[in-house]
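So the structure is just underneath, and the comments pick up after that.
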Amino acid sequence: MPKDNETIDAQPRKKLVQVKHLKQYFNPGKPNEVKAIDDISFDIYEGETFGLVGESGSGKSTTGRSIIRLYKPTSGEILFNGKDISKIKHRDMLEFRREMQMIFQDPYASLNPRMKVKDIIAEGLDVHHLVKNDQERDARVNELLNLVGLSHDHATRYPHEFSGGQRQRIGIARALAVQPRFIIADEPISALDVSIQAQVVNLLREIQQEQNLTYLFIAHDLSMVKYISDRIAVMHNGRLMELSTADEVYNHPLHPYTKSLLSAVPLPDPMYERSRRRKDYDSSIEFDGKPRTLK
Amino acid sequence: MAEQTNQIKLNKNSFNKVGANDVDEQEKISAPSLTFLQDAIRRLKKNKAAIISLWLLVIIIMISIISIWWTPSDPNAQHVAYANLPPKIANGIPGFTGKASVGGEIVDKYAQANVPKGTYYVLGTDYLGRDLFSRLMKGVALSLLIGMLATLFDLVIGIPYGIISGWKGGRTDTIMQRIIEIISSIPNLVVVILMLLLFTPGLGSIVVAMGITGWITMARLVRAETLTLKSQEYVLAARTLGESSFKIAIKHLIPNLSSTIIIQTMFSIPTAIFFEAFLSFIGIGIPAPNASLGTLLSDGQKTFRFLPYQMWYPAAAISIIMIAFNLLADGLRDAFDPKASE
């Protein structure tokens with residue numbers, strides 16, 4: 001069994017998010033039932049970056065969306081800061097919405113094309129009444145634009161005037177506006193080209209250090225996840241395959257699926273590339289009738 | 001050689017830093033900021049037919065508004081002595097001479113009817129001696145009013161219905177869609193005739209009858225669009241920020257639905273006008289003596305072979321209105337939704 005951070009650290013860290021036996025089925029009981037998430041459990045500690053990787057359709061994004069309550073889980077529970085999020089009362093919901101935020105995958109679809117950048121960023125400020133008047137609102141928007149490295153005169157522009165990387169920064173500014181503690185980054189870089197990916201990932205890291213944020217970083221690119229994450233969970237077909245520190249997963253993968261994923265990562269090294277062989281993963285080994293649980 | 005070395009003397013101050021100094025300069029966008037509406041208007045202006053239609057409609061609407069307070073003469077006043085006079089302008093210009101051929105002979109109808117000099121009817125008179133030009137002005141105004149009111153029903157019922165149905169989804173959506181299917185399975189004309197049995201024929205009952213059935217297309221279009229919009233990430237982002245459903249509808253859905261709504265409105269106004277004309281033409285629309293395009297066409301059609309002018313002008317008016325609305329709607333669709341037109 002790989003060693004968990006908990007056992008490595010001398011003092012146990014605070015668990016910010018606990019996912020326990022989460023199941024998310026779509027169209028349950030119907031012929032077109034989809035088991036998007038099938039019984040997964042993991043914890044996210046305060047201040048860490050938790051990477052979630054897996055191929056398309058493995059349930060990574062669904063996990064993120066269930067945690068932020070865009071979907072209602074079929075069963076299982078999700079604890080945020082010790083409280084079960086499915087039992088949050090209507091009036092406490094706003095507070096929960098403020099503490100947990102999301103950065104979306106597609107920078108072209110995540111900004112309303114009919115709104116000015118300042119209104120997009122200030123949407124959370126308005127919902128949570130975090131500013132008293134327009135001057136304060138503008139000042140806060142400018143502050144956020146500064147934080148993500150955009151210019152002040154971008155505030156009165158519309159999203160279609162920006163590049164993918166700039167749009168993603170606007171999305172990050174919108175999430176940061178309400179001063180959350182936990183951010184779910186749902187493949188925030190997969191729609192960007194590689195040079196911009198690094199910019200956005202570094203921006204996320206800087207902000208994390210400044211504001212002591214916790215991230216759930218969802219991606220399908222293992223090399224980028226390794227770069228940003230403290231711990232990595234590997235998902236496949238709605239199940240967790242492996243969960244360990246980033247280095248362990250990257251250097252000593254245990255599960256054949258993780259090995260298969262790692263074999264698909266290209267390296268800029270011709271000698272290595274010449275001998276690199278893709279390992280295919282045969283998922284039938286999971287269905288041998290033996291029960292499996294992680295940890 | 002020596003001269004050249006003298007010329008080139010470089011030190012630190014000879015160099016200027018090229019490029020931006022700070023974020024504000026680096027990330028500057030020099031293009032002017034265009035709102036979505038400005039962009040759409042810019043595209044619309046390139047469409048000649050739509051712009052001409054727009055101006056024609058503006059003129060027609062202005063004339064209709066004027067007709068509320070002023071018409072050349074009372075549109076319902078009868079002068080039986082002056083019945084069926086042909087069009088005449090001033091003392092007669094080509095095409096508007098006030099003469100007509102009776103039994104192969106050109107006769108001055110105005111002289112025959114002893115119309116005093118200086119009195120003339122621009123578009124002639126009908127069989128009761130009513131001024132057709134005044135009636136046409138009133139008729140166009142009434143038809144436009146019916147078009148607008150019927151479209152108002154579209155907006156007031158169709159948009160909220162479509163948004164609620166699409167947004168709520170699940171069972172609510174299924175029930176609301178079945179209701180729409182039931183309503184749309186009853187032919188329009190049957191509903192109108194049943195309505196007119198219950199209420200006295202007139203402006204109100206026509207508008208209500210059209211309102212009951214007219215909003216269905218709008219509701220369906222809005223629902224379909226809402227279904228695609230609600231899974232858009234910016235709507236999800238608004239939900240994660242804790243925005244209420246009502247606010248999401250106002251801030252995110254309606255602005256993004258606006259092009260669909262505007263285009264559908266522009267198509268439904270002429271449909272309503274045409275439907276009213278049809279009802280009046282078959283005699284169950286606007287009751288006498290009020291004029292609408294349909295009643296004018298219906299009256300003119302009776303004597304079309306002998307007094308063609310009584311039908312030509314109302315027919316021309318309704319054709320122009322229909323074509324103008326449709327061309328403008330087409331232009332607006334291209335302007336608001338440039339991807340769809342390609």
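By convention in this document, the chains of the structure tokens carry letters A, B, ... by their order, each chain's residues are numbered from 1, and ligands are numbered from 1 in the order they are shown.
All residues of protein, DNA or RNA that reach within 6 Å of range 142-156 of chain B, judged by only C-alpha atoms and not counting those fewer than 6 positions away in the chain, are Val207, Gly211, Trp215, Ile269, Ala272, Ile273 and Ser292 of chain B.
Near Tyr158 in chain A, within 8 Å and counting only C-alpha atoms, sit Pro113, Arg114, Met115, Lys116 and Val117 of chain A; Ser33, Leu34 and Thr35 of chain B, not including residues fewer than 6 positions from it in the same chain.
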### Task
Compute the set of chain A residues within 7 Å of chain B, using only C-alpha atoms, and express it as a PyMOL selection string.
chain A and resi 94+97-98+101+104+109-112+114+124+127+149-152+157
Selection near Ala90 in chain B, 9 Å with only C-alpha atoms, sequence-local residues under 4 positions removed, as a PDB file with C-alpha atoms, in the first residue's frame:
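Output below, filename result-v5.pdb:
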ATOM      1  CA  PHE B  96     -55.274  59.773 -60.898  1.00  0.00           C
ATOM      2  CA  THR B  97     -57.526  61.672 -63.303  1.00  0.00           C
ATOM      3  CA  GLY B 118     -61.523  71.124 -55.302  1.00  0.00           C
ATOM      4  CA  THR B 119     -62.997  68.027 -53.664  1.00  0.00           C
ATOM      5  CA  TYR B 120     -61.230  64.863 -54.675  1.00  0.00           C
ATOM      6  CA  TYR B 121     -60.439  61.424 -53.312  1.00  0.00           C
ATOM      7  CA  VAL B 122     -56.807  60.331 -53.638  1.00  0.00           C
TER       8      VAL B 122
END
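The interatomic distance for the pair CA of Ile207 in chain A and CA of Ile121 in chain A works out to 16.4 Å.
Of the residues under consideration (A:Gln197, A:Ser263, A:Asn212, A:Ser229), A:Ser229 shows the shortest atom-to-atom contact distance to Glu248 in chain A when counting only C-alpha atoms.
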### DSSP-assigned strand (DSSP E or B) among range 100-159 of chain B, expressed as JSON, numbers by chain
{"B": [100, 101, 102, 105, 106, 107, 108, 125, 131]}
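The two atoms in question, CA of Ser185 in chain B and CA of Ala277 in chain B, are spaced 22.9 Å apart.
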### Query
What's the 12 Å shell around Thr200 in chain B, counting only C-alpha atoms, without same-chain residues fewer than 5 positions away, as a VMD selection string?
chain B and resid 192 to 195 205 to 206 208 to 209 284 to 287
I need the chosen residues saved as a PDB file, in the first residue's frame, with C-alpha atoms.
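And here is the file that came out, selection34.pdb:
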ATOM      1  CA  VAL B 192     -61.030  31.567 -33.419  1.00  0.00           C
ATOM      2  CA  ILE B 193     -64.515  30.603 -34.575  1.00  0.00           C
ATOM      3  CA  LEU B 194     -65.350  29.176 -31.145  1.00  0.00           C
ATOM      4  CA  MET B 195     -64.032  32.338 -29.509  1.00  0.00           C
ATOM      5  CA  SER B 205     -61.725  38.735 -29.399  1.00  0.00           C
ATOM      6  CA  ILE B 206     -59.461  38.408 -32.447  1.00  0.00           C
ATOM      7  CA  VAL B 208     -57.394  36.948 -27.560  1.00  0.00           C
ATOM      8  CA  ALA B 209     -58.091  34.138 -30.005  1.00  0.00           C
ATOM      9  CA  ILE B 284     -65.631  36.857 -39.118  1.00  0.00           C
ATOM     10  CA  GLY B 285     -63.051  39.506 -38.300  1.00  0.00           C
ATOM     11  CA  ILE B 286     -63.425  43.217 -37.720  1.00  0.00           C
ATOM     12  CA  PRO B 287     -67.132  44.106 -37.920  1.00  0.00           C
TER      13      PRO B 287
END
#### Entry: For Leu267 in chain A: contacts at 10 Å, only C-alpha atoms, fewer than 6 positions along chain excluded, given as an NGL selection string
:A and (223 or 273 or 276)
### Task
Skip Thr63 in chain A itself and residues of its chain fewer than 2 positions away, then list as a PyMOL selection string all residues within 10 Å of it, counting only C-alpha atoms.
chain A and resi 19+22-24+36-37+40+52+58-61+65-69+71+73+184+186+218+238
### Task
Pick out each residue of range 154-335 of chain B that DSSP on the backbone tags as helix (DSSP H, G or I); I need them as a ChimeraX atom specification.
/B:154-168,170-185,188-198,203-230,233-240,245-281,293-302,309-335
